[in-house]
>>> print(open('start_3.csv').read())   # CSV, C-alpha atoms
chain,number,residue,atom,x,y,z
H,1,ASP,CA,0.0,0.0,0.0
H,2,VAL,CA,1.1,3.5,-0.7
H,3,LYS,CA,1.8,5.4,2.4
H,4,VAL,CA,2.1,9.2,2.7
H,5,THR,CA,2.8,10.6,6.1
H,6,GLN,CA,2.7,14.1,7.4
H,7,SER,CA,4.8,15.2,10.4
H,8,SER,CA,1.9,16.6,12.5
H,9,ARG,CA,-1.8,16.2,12.6
H,10,TYR,CA,-2.4,19.5,14.5
H,11,LEU,CA,-0.2,22.5,14.9
H,12,VAL,CA,-0.7,25.8,16.7
H,13,LYS,CA,1.7,28.7,15.8
H,14,ARG,CA,1.9,32.4,16.4
H,15,THR,CA,1.8,35.1,13.8
H,16,GLY,CA,5.3,35.7,12.4
H,17,GLU,CA,6.7,32.3,13.2
H,18,LYS,CA,8.4,30.2,10.6
H,19,VAL,CA,6.5,26.9,10.1
H,20,PHE,CA,7.7,23.7,8.6
H,21,LEU,CA,5.3,21.0,7.4
H,22,GLU,CA,7.0,17.8,6.3
H,23,CYS,CA,5.7,15.1,4.1
H,24,VAL,CA,7.2,11.7,3.4
H,25,GLN,CA,6.1,9.0,0.9
H,26,ASP,CA,7.4,5.5,0.7
H,27,MET,CA,6.5,4.5,-2.9
H,28,ASP,CA,9.4,6.1,-4.8
H,29,HIS,CA,6.9,8.5,-6.5
H,30,GLU,CA,8.4,11.2,-8.7
H,31,ASN,CA,5.7,13.8,-8.1
H,32,MET,CA,4.7,15.4,-4.8
H,33,PHE,CA,2.2,18.1,-4.1
H,34,TRP,CA,1.1,20.5,-1.3
H,35,TYR,CA,-2.5,21.7,-1.1
H,36,ARG,CA,-4.5,23.7,1.3
H,37,GLN,CA,-8.2,22.9,1.9
H,38,ASP,CA,-10.7,25.5,3.0
H,39,PRO,CA,-14.5,25.2,3.4
H,40,GLY,CA,-16.2,26.1,0.2
H,41,LEU,CA,-13.0,26.4,-1.8
H,42,GLY,CA,-12.0,22.8,-2.1
H,43,LEU,CA,-8.4,21.9,-2.6
H,44,ARG,CA,-6.0,24.5,-3.9
H,45,LEU,CA,-2.5,23.7,-5.1
H,46,ILE,CA,0.3,25.6,-3.4
H,47,TYR,CA,3.4,24.0,-4.9
H,48,PHE,CA,4.4,20.8,-6.6
H,49,SER,CA,7.6,19.0,-7.5
H,50,TYR,CA,8.2,16.4,-10.2
H,51,ASP,CA,11.7,15.6,-9.3
H,52,VAL,CA,14.3,16.1,-6.6
H,53,LYS,CA,15.3,19.8,-6.3
H,54,MET,CA,12.6,20.7,-8.9
H,55,LYS,CA,9.6,22.7,-7.9
H,56,GLU,CA,6.8,24.6,-9.6
H,57,LYS,CA,4.3,27.1,-8.3
H,58,GLY,CA,0.7,26.1,-8.1
H,59,ASP,CA,-2.3,28.3,-7.9
H,60,ILE,CA,-1.6,30.0,-4.5
H,61,PRO,CA,2.1,30.0,-3.8
H,62,GLU,CA,2.3,33.5,-2.1
H,63,GLY,CA,3.6,33.3,1.4
H,64,TYR,CA,4.9,29.7,1.0
H,65,SER,CA,8.1,28.0,-0.2
H,66,VAL,CA,9.0,24.4,-0.6
H,67,SER,CA,12.0,22.1,-0.4
H,68,ARG,CA,12.7,18.8,-2.0
H,69,GLU,CA,16.2,17.6,-1.2
H,70,LYS,CA,15.3,13.9,-1.3
H,71,LYS,CA,12.9,12.0,-3.5
H,72,GLU,CA,10.7,10.8,-0.6
H,73,ARG,CA,10.5,14.1,1.3
H,74,PHE,CA,8.7,17.3,0.4
H,75,SER,CA,8.6,20.2,2.9
H,76,LEU,CA,6.3,23.2,2.9
H,77,ILE,CA,7.6,26.3,4.6
H,78,LEU,CA,5.6,29.3,5.8
H,79,GLU,CA,8.3,31.9,6.1
H,80,SER,CA,6.3,34.2,8.4
H,81,ALA,CA,3.0,32.7,9.4
H,82,SER,CA,-0.2,34.8,9.2
H,83,THR,CA,-3.7,34.2,10.4
H,84,ASN,CA,-5.0,33.8,6.9
H,85,GLN,CA,-2.8,30.7,6.6
H,86,THR,CA,-4.9,28.9,9.1
H,87,SER,CA,-6.1,25.9,7.1
H,88,MET,CA,-5.9,22.2,6.5
H,89,TYR,CA,-2.7,21.3,4.6
H,90,LEU,CA,-2.7,18.1,2.5
H,91,CYS,CA,0.3,16.5,0.9
H,92,ALA,CA,0.0,14.0,-2.0
H,93,SER,CA,2.3,12.0,-4.2
H,94,SER,CA,2.0,10.2,-7.5
H,95,HIS,CA,3.9,8.2,-10.0
H,96,THR,CA,4.4,9.4,-13.5
H,97,GLY,CA,2.8,7.0,-16.0
H,98,GLY,CA,2.7,3.6,-14.3
H,99,ASP,CA,-0.2,4.1,-11.9
H,100,LEU,CA,-2.1,6.3,-14.4
H,101,GLU,CA,-1.5,9.4,-12.4
H,102,THR,CA,-3.5,8.7,-9.2
H,103,GLN,CA,-2.5,11.0,-6.4
H,104,TYR,CA,-2.3,9.5,-2.9
H,105,PHE,CA,-2.9,11.7,0.1
H,106,GLY,CA,-1.5,12.0,3.6
H,107,PRO,CA,-3.8,12.5,6.6
H,108,GLY,CA,-3.5,16.2,6.6
H,109,THR,CA,-2.1,18.8,9.0
H,110,ARG,CA,-4.6,21.2,10.6
H,111,LEU,CA,-2.7,24.5,11.2
H,112,LEU,CA,-4.0,27.2,13.5
H,113,VAL,CA,-2.1,30.5,13.4
H,114,LEU,CA,-2.9,32.8,16.3
U,115,ALA,CA,-6.8,25.4,-19.0
U,116,GLN,CA,-8.6,22.8,-16.9
U,117,SER,CA,-11.4,23.3,-14.6
U,118,VAL,CA,-14.1,21.2,-12.8
U,119,ALA,CA,-17.4,22.1,-11.2
U,120,GLN,CA,-19.4,20.4,-8.5
U,121,PRO,CA,-22.7,22.3,-8.6
U,122,GLU,CA,-24.2,20.9,-5.4
U,123,ASP,CA,-22.7,21.8,-2.0
U,124,GLN,CA,-24.7,19.1,-0.3
U,125,VAL,CA,-26.7,16.1,-1.4
U,126,ASN,CA,-29.1,14.4,1.0
U,127,VAL,CA,-30.4,10.8,0.3
U,128,ALA,CA,-32.2,8.2,2.3
U,129,GLU,CA,-30.3,4.9,3.0
U,130,GLY,CA,-31.1,2.3,0.4
U,131,ASN,CA,-31.9,4.9,-2.3
U,132,PRO,CA,-29.6,5.5,-5.2
U,133,LEU,CA,-27.3,8.5,-5.0
U,134,THR,CA,-25.7,10.8,-7.6
U,135,VAL,CA,-23.0,13.4,-7.0
U,136,LYS,CA,-22.5,15.6,-10.0
U,137,CYS,CA,-19.3,16.8,-11.7
U,138,THR,CA,-18.7,18.7,-14.9
U,139,TYR,CA,-15.3,19.5,-16.4
U,140,SER,CA,-13.6,21.7,-19.0
U,141,VAL,CA,-10.3,20.8,-20.7
U,142,SER,CA,-8.6,21.5,-24.0
U,143,GLY,CA,-7.4,18.0,-24.7
U,144,ASN,CA,-8.7,14.7,-23.3
U,145,PRO,CA,-9.8,14.6,-19.7
U,146,TYR,CA,-8.3,12.4,-17.0
U,147,LEU,CA,-11.1,12.3,-14.3
U,148,PHE,CA,-11.0,11.2,-10.7
U,149,TRP,CA,-13.2,10.9,-7.6
U,150,TYR,CA,-12.0,11.1,-4.1
U,151,VAL,CA,-13.7,10.8,-0.7
U,152,GLN,CA,-12.8,12.5,2.5
U,153,TYR,CA,-14.1,11.4,5.9
U,154,PRO,CA,-13.9,13.9,8.8
U,155,ASN,CA,-10.4,14.9,9.9
U,156,ARG,CA,-8.8,12.6,7.3
U,157,GLY,CA,-7.0,12.9,4.0
U,158,LEU,CA,-8.5,12.1,0.7
U,159,GLN,CA,-9.0,8.6,-0.4
U,160,PHE,CA,-9.0,7.6,-4.1
U,161,LEU,CA,-12.4,6.1,-5.3
U,162,LEU,CA,-12.1,5.7,-9.0
U,163,LYS,CA,-10.7,7.2,-12.2
U,164,TYR,CA,-11.4,7.5,-15.9
U,165,ILE,CA,-8.4,7.7,-18.2
U,166,THR,CA,-9.6,6.0,-21.4
U,167,GLY,CA,-11.8,3.1,-22.5
U,168,ASP,CA,-15.2,2.1,-21.1
U,169,ASN,CA,-17.4,5.1,-20.2
U,170,LEU,CA,-18.7,3.3,-17.0
U,171,VAL,CA,-16.0,3.1,-14.4
U,172,LYS,CA,-16.4,1.0,-11.3
U,173,GLY,CA,-14.5,1.8,-8.1
U,174,SER,CA,-14.2,1.2,-4.4
U,175,TYR,CA,-17.2,0.6,-2.0
U,176,GLY,CA,-19.7,0.0,-4.7
U,177,PHE,CA,-19.3,3.4,-6.4
U,178,GLU,CA,-19.3,3.9,-10.1
U,179,ALA,CA,-19.1,6.9,-12.4
U,180,GLU,CA,-20.1,7.5,-16.0
U,181,PHE,CA,-18.0,9.5,-18.4
U,182,ASN,CA,-20.1,11.5,-20.8
U,183,LYS,CA,-18.1,13.4,-23.3
U,184,SER,CA,-20.9,15.2,-25.0
U,185,GLN,CA,-22.1,16.6,-21.7
U,186,THR,CA,-18.6,17.0,-20.3
U,187,SER,CA,-19.7,15.2,-17.1
U,188,PHE,CA,-18.4,12.5,-14.8
U,189,HIS,CA,-21.2,11.9,-12.2
U,190,LEU,CA,-20.6,9.6,-9.3
U,191,LYS,CA,-23.3,7.1,-8.5
U,192,LYS,CA,-24.2,4.3,-6.2
U,193,PRO,CA,-27.3,2.1,-6.6
U,194,SER,CA,-28.0,1.8,-2.8
U,195,ALA,CA,-26.6,4.4,-0.4
U,196,LEU,CA,-25.4,3.5,3.1
U,197,VAL,CA,-25.2,5.8,6.2
U,198,SER,CA,-21.4,5.1,6.2
U,199,ASP,CA,-21.2,6.7,2.7
U,200,SER,CA,-21.8,10.1,4.4
U,201,ALA,CA,-18.6,12.1,3.6
U,202,LEU,CA,-17.2,14.9,1.5
U,203,TYR,CA,-16.7,14.0,-2.2
U,204,PHE,CA,-14.3,15.6,-4.6
U,205,CYS,CA,-14.1,15.4,-8.3
U,206,ALA,CA,-10.8,16.2,-10.0
U,207,VAL,CA,-9.5,16.6,-13.6
U,208,ARG,CA,-6.3,16.8,-15.5
U,209,ASP,CA,-6.0,17.8,-19.1
U,210,SER,CA,-4.0,15.4,-21.3
U,211,LEU,CA,-2.3,18.5,-22.8
U,212,THR,CA,-1.0,19.6,-19.4
U,213,GLY,CA,2.8,19.3,-18.9
U,214,GLY,CA,4.8,17.3,-16.5
U,215,GLY,CA,3.9,16.6,-12.9
U,216,ASN,CA,0.3,15.4,-13.6
U,217,LYS,CA,-1.3,18.4,-11.8
U,218,LEU,CA,-4.9,17.9,-10.9
U,219,THR,CA,-7.6,20.6,-10.5
U,220,PHE,CA,-10.2,19.8,-7.8
U,221,GLY,CA,-13.8,20.8,-7.4
U,222,THR,CA,-15.1,22.5,-4.3
U,223,GLY,CA,-16.5,19.3,-2.9
U,224,THR,CA,-20.0,17.9,-2.3
U,225,GLN,CA,-21.1,16.9,1.2
U,226,LEU,CA,-23.1,13.7,1.0
U,227,LYS,CA,-25.5,13.0,3.8
U,228,VAL,CA,-27.2,9.6,4.0
U,229,GLU,CA,-30.0,9.4,6.5
U,230,LEU,CA,-31.9,6.4,7.9
>>> encode(input="start_3.csv", output="structure tokens")
Amino acid sequence: DVKVTQSSRYLVKRTGEKVFLECVQDMDHENMFWYRQDPGLGLRLIYFSYDVKMKEKGDIPEGYSVSREKKERFSLILESASTNQTSMYLCASSHTGGDLETQYFGPGTRLLVL
Amino acid sequence: AQSVAQPEDQVNVAEGNPLTVKCTYSVSGNPYLFWYVQYPNRGLQFLLKYITGDNLVKGSYGFEAEFNKSQTSFHLKKPSALVSDSALYFCAVRDSLTGGGNKLTFGTGTQLKVEL
């Protein structure tokens, strides 16, 4: 079974703090994704990566950065957390080609910025 | 550009009745279509997908979806709903002409409530 894990289920941070969200997948997937989920807005793509050290902006990259130093790990960084970044953050990974592009999701991190 | 719409925020159905959750899409090339389900405080779970081939796709937990190219739709269906099907359902699409990384666009989600 594909397993995608996220470092925390719940996080509480203060405005201005630097926040790291970590995601690890164990299926040797090339592609990894960070989304945020907000009621009524669905999932919105923040960043994705299709290879180690490669990254591309998604639909809402402002206020976020990412790092992919190893194939299995994809980190989302909030350089200076703000209250409007309070949200559910979901990580996903997928294989290019073989599994016909299905994305597999982690359990999510619910972040509260005070 | 790729986009997907789920026109209903919530669908209510009685247990044992058939259910339908609607999804329409827009792409420039051919669509790759997906349904995911999310239970409270959980990540998304993959249900089924259409890439090519038979228009009727069968997936997990007795769900199926029908690809209709002329109506640009991919509605999720189940012949007999269970209370345990109550969850948030997301439709997603990728355009075959999109570049590397198989980036999906998700709908806003439909809350399914199955009542006794």
>>> interface_residues(input="start_3.csv", of="chain U", to="chain H", cutoff="6 Å", atoms="only C-alpha atoms", output="ChimeraX atom specification")
/U:156-158,215,220-223
>>> write_last_selection(input="start_3.csv", atoms="C-alpha atoms", output="PDB file, keeping the file's coordinate frame")
ATOM      1  CA  ARG U 156      -8.800  12.600   7.300  1.00  0.00           C
ATOM      2  CA  GLY U 157      -7.000  12.900   4.000  1.00  0.00           C
ATOM      3  CA  LEU U 158      -8.500  12.100   0.700  1.00  0.00           C
ATOM      4  CA  GLY U 215       3.900  16.600 -12.900  1.00  0.00           C
ATOM      5  CA  PHE U 220     -10.200  19.800  -7.800  1.00  0.00           C
ATOM      6  CA  GLY U 221     -13.800  20.800  -7.400  1.00  0.00           C
ATOM      7  CA  THR U 222     -15.100  22.500  -4.300  1.00  0.00           C
ATOM      8  CA  GLY U 223     -16.500  19.300  -2.900  1.00  0.00           C
TER       9      GLY U 223
END
>>> residues_around(input="start_3.csv", residues="range 202-213 of chain U", least_positions_apart="6", cutoff="7 Å", atoms="only C-alpha atoms", output="list in words")
Gln116, Val118, Cys137, Val141, Ser142, Gly143, Asn144, Pro145, Tyr146, Leu147, Phe148, Trp149, Tyr150, Val151, Gln152, Tyr153, Thr219, Phe220, Gly221, Thr222, Gly223, Thr224, Gln225 and Leu226 of chain U
>>> atom_distance(input="start_3.csv", atom1="CA of Gln85 in chain H", atom2="CA of Ser67 in chain H")
18.5 Å
>>> residues_near_point(input="start_3.csv", point="(-19.1, 3.9, -8.9)", cutoff="10 Å", atoms="only C-alpha atoms", output="tab-separated table (two decimals) with C-alpha atoms, in the coordinates of the input")
chain	number	residue	atom	x	y	z
U	134	THR	CA	-25.70	10.80	-7.60
U	149	TRP	CA	-13.20	10.90	-7.60
U	161	LEU	CA	-12.40	6.10	-5.30
U	162	LEU	CA	-12.10	5.70	-9.00
U	163	LYS	CA	-10.70	7.20	-12.20
U	170	LEU	CA	-18.70	3.30	-17.00
U	171	VAL	CA	-16.00	3.10	-14.40
U	172	LYS	CA	-16.40	1.00	-11.30
U	173	GLY	CA	-14.50	1.80	-8.10
U	174	SER	CA	-14.20	1.20	-4.40
U	175	TYR	CA	-17.20	0.60	-2.00
U	176	GLY	CA	-19.70	0.00	-4.70
U	177	PHE	CA	-19.30	3.40	-6.40
U	178	GLU	CA	-19.30	3.90	-10.10
U	179	ALA	CA	-19.10	6.90	-12.40
U	180	GLU	CA	-20.10	7.50	-16.00
U	189	HIS	CA	-21.20	11.90	-12.20
U	190	LEU	CA	-20.60	9.60	-9.30
U	191	LYS	CA	-23.30	7.10	-8.50
U	192	LYS	CA	-24.20	4.30	-6.20
U	193	PRO	CA	-27.30	2.10	-6.60
>>> atom_distance(input="start_3.csv", atom1="CA of Ala115 in chain U", atom2="CA of Met54 in chain H")
22.4 Å
>>> atom_distance(input="start_3.csv", atom1="CA of Lys217 in chain U", atom2="CA of Met27 in chain H")
18.3 Å
>>> axis_aligned_box(input="start_3.csv", around="range 9-23 of chain H", padding_each_side="6 Å", output="JSON")
{"center_x": 3.0, "center_y": 25.4, "center_z": 10.4, "size_x": 22.8, "size_y": 32.6, "size_z": 24.6}
>>> residues_around(input="start_3.csv", residues="Gln6 in chain H", least_positions_apart="2", cutoff="6 Å", atoms="all atoms listed in the file", output="ChimeraX atom specification")
/H:8,22-23
>>> closest_residue(input="start_3.csv", among="H:Thr86, H:Leu111, H:Val52, H:Ala81", to="Arg14 in chain H", atoms="only C-alpha atoms")
H:Ala81
>>> residues_around(input="start_3.csv", residues="range 183-186 of chain U", least_positions_apart="6", cutoff="8 Å", atoms="only C-alpha atoms", output="PDB file with C-alpha atoms, keeping the file's coordinate frame")
ATOM      1  CA  THR U 138     -18.700  18.700 -14.900  1.00  0.00           C
ATOM      2  CA  TYR U 139     -15.300  19.500 -16.400  1.00  0.00           C
ATOM      3  CA  SER U 140     -13.600  21.700 -19.000  1.00  0.00           C
TER       4      SER U 140
END
>>> closest_residue(input="start_3.csv", among="U:Asn155, U:Gly167, U:Leu218, U:Leu230", to="Asp199 in chain U", atoms="all atoms listed in the file")
U:Leu230
>>> decode(input="start_3.csv", residues="range 153-167 of chain U", atoms="all heavy atoms", output="PDB file, in the first residue's frame")
ATOM      1  N   TYR U 153     -13.324  11.518   4.681  1.00  0.00           N
ATOM      2  CA  TYR U 153     -14.053  11.369   5.931  1.00  0.00           C
ATOM      3  C   TYR U 153     -13.534  12.417   6.917  1.00  0.00           C
ATOM      4  O   TYR U 153     -12.413  12.917   6.756  1.00  0.00           O
ATOM      5  CB  TYR U 153     -13.911   9.952   6.457  1.00  0.00           C
ATOM      6  CG  TYR U 153     -14.501   8.941   5.518  1.00  0.00           C
ATOM      7  CD1 TYR U 153     -13.700   8.216   4.635  1.00  0.00           C
ATOM      8  CD2 TYR U 153     -15.885   8.733   5.464  1.00  0.00           C
ATOM      9  CE1 TYR U 153     -14.255   7.307   3.739  1.00  0.00           C
ATOM     10  CE2 TYR U 153     -16.436   7.839   4.574  1.00  0.00           C
ATOM     11  CZ  TYR U 153     -15.626   7.138   3.717  1.00  0.00           C
ATOM     12  OH  TYR U 153     -16.181   6.254   2.825  1.00  0.00           O
ATOM     13  N   PRO U 154     -14.311  12.760   7.931  1.00  0.00           N
ATOM     14  CA  PRO U 154     -13.923  13.854   8.844  1.00  0.00           C
ATOM     15  C   PRO U 154     -12.506  13.706   9.388  1.00  0.00           C
ATOM     16  O   PRO U 154     -12.123  12.615   9.831  1.00  0.00           O
ATOM     17  CB  PRO U 154     -14.970  13.749   9.952  1.00  0.00           C
ATOM     18  CG  PRO U 154     -16.162  13.182   9.264  1.00  0.00           C
ATOM     19  CD  PRO U 154     -15.624  12.206   8.256  1.00  0.00           C
ATOM     20  N   ASN U 155     -11.762  14.788   9.313  1.00  0.00           N
ATOM     21  CA  ASN U 155     -10.395  14.866   9.855  1.00  0.00           C
ATOM     22  C   ASN U 155      -9.451  13.829   9.248  1.00  0.00           C
ATOM     23  O   ASN U 155      -8.526  13.357   9.908  1.00  0.00           O
ATOM     24  CB  ASN U 155     -10.420  14.721  11.374  1.00  0.00           C
ATOM     25  CG  ASN U 155     -11.172  15.858  12.026  1.00  0.00           C
ATOM     26  OD1 ASN U 155     -10.962  17.030  11.702  1.00  0.00           O
ATOM     27  ND2 ASN U 155     -12.094  15.532  12.910  1.00  0.00           N
ATOM     28  N   ARG U 156      -9.701  13.499   7.999  1.00  0.00           N
ATOM     29  CA  ARG U 156      -8.836  12.553   7.298  1.00  0.00           C
ATOM     30  C   ARG U 156      -8.374  13.151   5.984  1.00  0.00           C
ATOM     31  O   ARG U 156      -8.935  14.124   5.482  1.00  0.00           O
ATOM     32  CB  ARG U 156      -9.588  11.253   7.014  1.00  0.00           C
ATOM     33  CG  ARG U 156     -10.181  10.586   8.241  1.00  0.00           C
ATOM     34  CD  ARG U 156      -9.139   9.875   9.071  1.00  0.00           C
ATOM     35  NE  ARG U 156      -8.571   8.747   8.386  1.00  0.00           N
ATOM     36  CZ  ARG U 156      -9.101   7.535   8.377  1.00  0.00           C
ATOM     37  NH1 ARG U 156     -10.241   7.308   8.997  1.00  0.00           N
ATOM     38  NH2 ARG U 156      -8.498   6.552   7.733  1.00  0.00           N
ATOM     39  N   GLY U 157      -7.375  12.524   5.384  1.00  0.00           N
ATOM     40  CA  GLY U 157      -6.965  12.903   4.038  1.00  0.00           C
ATOM     41  C   GLY U 157      -7.940  12.361   3.008  1.00  0.00           C
ATOM     42  O   GLY U 157      -8.924  11.710   3.336  1.00  0.00           O
ATOM     43  N   LEU U 158      -7.657  12.637   1.745  1.00  0.00           N
ATOM     44  CA  LEU U 158      -8.519  12.147   0.674  1.00  0.00           C
ATOM     45  C   LEU U 158      -8.172  10.712   0.312  1.00  0.00           C
ATOM     46  O   LEU U 158      -6.991  10.354   0.243  1.00  0.00           O
ATOM     47  CB  LEU U 158      -8.369  13.022  -0.575  1.00  0.00           C
ATOM     48  CG  LEU U 158      -9.229  14.275  -0.648  1.00  0.00           C
ATOM     49  CD1 LEU U 158      -8.856  15.271   0.417  1.00  0.00           C
ATOM     50  CD2 LEU U 158      -9.137  14.895  -2.038  1.00  0.00           C
ATOM     51  N   GLN U 159      -9.228   9.929   0.061  1.00  0.00           N
ATOM     52  CA  GLN U 159      -9.027   8.562  -0.394  1.00  0.00           C
ATOM     53  C   GLN U 159      -9.500   8.434  -1.835  1.00  0.00           C
ATOM     54  O   GLN U 159     -10.586   8.897  -2.173  1.00  0.00           O
ATOM     55  CB  GLN U 159      -9.839   7.590   0.471  1.00  0.00           C
ATOM     56  CG  GLN U 159      -9.395   7.504   1.904  1.00  0.00           C
ATOM     57  CD  GLN U 159     -10.275   6.544   2.685  1.00  0.00           C
ATOM     58  OE1 GLN U 159     -10.761   5.561   2.149  1.00  0.00           O
ATOM     59  NE2 GLN U 159     -10.476   6.825   3.947  1.00  0.00           N
ATOM     60  N   PHE U 160      -8.714   7.777  -2.641  1.00  0.00           N
ATOM     61  CA  PHE U 160      -9.039   7.579  -4.050  1.00  0.00           C
ATOM     62  C   PHE U 160     -10.210   6.601  -4.174  1.00  0.00           C
ATOM     63  O   PHE U 160     -10.228   5.557  -3.529  1.00  0.00           O
ATOM     64  CB  PHE U 160      -7.806   7.028  -4.762  1.00  0.00           C
ATOM     65  CG  PHE U 160      -8.055   6.501  -6.133  1.00  0.00           C
ATOM     66  CD1 PHE U 160      -8.305   7.353  -7.185  1.00  0.00           C
ATOM     67  CD2 PHE U 160      -8.044   5.139  -6.373  1.00  0.00           C
ATOM     68  CE1 PHE U 160      -8.535   6.871  -8.454  1.00  0.00           C
ATOM     69  CE2 PHE U 160      -8.271   4.636  -7.636  1.00  0.00           C
ATOM     70  CZ  PHE U 160      -8.514   5.501  -8.687  1.00  0.00           C
ATOM     71  N   LEU U 161     -11.203   6.954  -5.011  1.00  0.00           N
ATOM     72  CA  LEU U 161     -12.357   6.085  -5.265  1.00  0.00           C
ATOM     73  C   LEU U 161     -12.288   5.427  -6.634  1.00  0.00           C
ATOM     74  O   LEU U 161     -12.465   4.210  -6.758  1.00  0.00           O
ATOM     75  CB  LEU U 161     -13.655   6.892  -5.211  1.00  0.00           C
ATOM     76  CG  LEU U 161     -14.345   7.080  -3.874  1.00  0.00           C
ATOM     77  CD1 LEU U 161     -15.619   7.882  -4.074  1.00  0.00           C
ATOM     78  CD2 LEU U 161     -14.651   5.748  -3.211  1.00  0.00           C
ATOM     79  N   LEU U 162     -12.118   6.235  -7.665  1.00  0.00           N
ATOM     80  CA  LEU U 162     -12.092   5.699  -9.026  1.00  0.00           C
ATOM     81  C   LEU U 162     -11.570   6.754  -9.987  1.00  0.00           C
ATOM     82  O   LEU U 162     -11.447   7.926  -9.630  1.00  0.00           O
ATOM     83  CB  LEU U 162     -13.489   5.227  -9.461  1.00  0.00           C
ATOM     84  CG  LEU U 162     -14.655   6.196  -9.312  1.00  0.00           C
ATOM     85  CD1 LEU U 162     -14.707   7.215 -10.420  1.00  0.00           C
ATOM     86  CD2 LEU U 162     -15.991   5.424  -9.278  1.00  0.00           C
ATOM     87  N   LYS U 163     -11.274   6.296 -11.215  1.00  0.00           N
ATOM     88  CA  LYS U 163     -10.750   7.220 -12.218  1.00  0.00           C
ATOM     89  C   LYS U 163     -11.165   6.772 -13.614  1.00  0.00           C
ATOM     90  O   LYS U 163     -11.416   5.583 -13.864  1.00  0.00           O
ATOM     91  CB  LYS U 163      -9.224   7.284 -12.145  1.00  0.00           C
ATOM     92  CG  LYS U 163      -8.530   5.965 -12.466  1.00  0.00           C
ATOM     93  CD  LYS U 163      -7.051   6.030 -12.139  1.00  0.00           C
ATOM     94  CE  LYS U 163      -6.425   4.635 -12.286  1.00  0.00           C
ATOM     95  NZ  LYS U 163      -5.066   4.587 -11.722  1.00  0.00           N
ATOM     96  N   TYR U 164     -11.222   7.743 -14.508  1.00  0.00           N
ATOM     97  CA  TYR U 164     -11.398   7.492 -15.928  1.00  0.00           C
ATOM     98  C   TYR U 164     -10.193   8.080 -16.649  1.00  0.00           C
ATOM     99  O   TYR U 164      -9.912   9.281 -16.538  1.00  0.00           O
ATOM    100  CB  TYR U 164     -12.690   8.127 -16.463  1.00  0.00           C
ATOM    101  CG  TYR U 164     -12.772   8.044 -17.964  1.00  0.00           C
ATOM    102  CD1 TYR U 164     -13.242   6.887 -18.581  1.00  0.00           C
ATOM    103  CD2 TYR U 164     -12.337   9.097 -18.774  1.00  0.00           C
ATOM    104  CE1 TYR U 164     -13.295   6.794 -19.953  1.00  0.00           C
ATOM    105  CE2 TYR U 164     -12.380   9.005 -20.145  1.00  0.00           C
ATOM    106  CZ  TYR U 164     -12.857   7.860 -20.731  1.00  0.00           C
ATOM    107  OH  TYR U 164     -12.893   7.757 -22.094  1.00  0.00           O
ATOM    108  N   ILE U 165      -9.530   7.212 -17.417  1.00  0.00           N
ATOM    109  CA  ILE U 165      -8.419   7.696 -18.248  1.00  0.00           C
ATOM    110  C   ILE U 165      -8.789   7.505 -19.719  1.00  0.00           C
ATOM    111  O   ILE U 165      -8.706   8.416 -20.525  1.00  0.00           O
ATOM    112  CB  ILE U 165      -7.108   6.965 -17.923  1.00  0.00           C
ATOM    113  CG1 ILE U 165      -6.778   7.099 -16.423  1.00  0.00           C
ATOM    114  CG2 ILE U 165      -5.971   7.497 -18.782  1.00  0.00           C
ATOM    115  CD1 ILE U 165      -6.506   8.501 -15.960  1.00  0.00           C
ATOM    116  N   THR U 166      -9.214   6.299 -20.033  1.00  0.00           N
ATOM    117  CA  THR U 166      -9.641   5.977 -21.393  1.00  0.00           C
ATOM    118  C   THR U 166     -10.465   4.698 -21.320  1.00  0.00           C
ATOM    119  O   THR U 166     -10.513   4.042 -20.289  1.00  0.00           O
ATOM    120  CB  THR U 166      -8.431   5.813 -22.333  1.00  0.00           C
ATOM    121  OG1 THR U 166      -8.888   5.667 -23.666  1.00  0.00           O
ATOM    122  CG2 THR U 166      -7.602   4.598 -21.942  1.00  0.00           C
ATOM    123  N   GLY U 167     -11.130   4.352 -22.423  1.00  0.00           N
ATOM    124  CA  GLY U 167     -11.831   3.069 -22.458  1.00  0.00           C
ATOM    125  C   GLY U 167     -13.306   3.176 -22.129  1.00  0.00           C
ATOM    126  O   GLY U 167     -13.970   4.159 -22.482  1.00  0.00           O
TER     127      GLY U 167
END
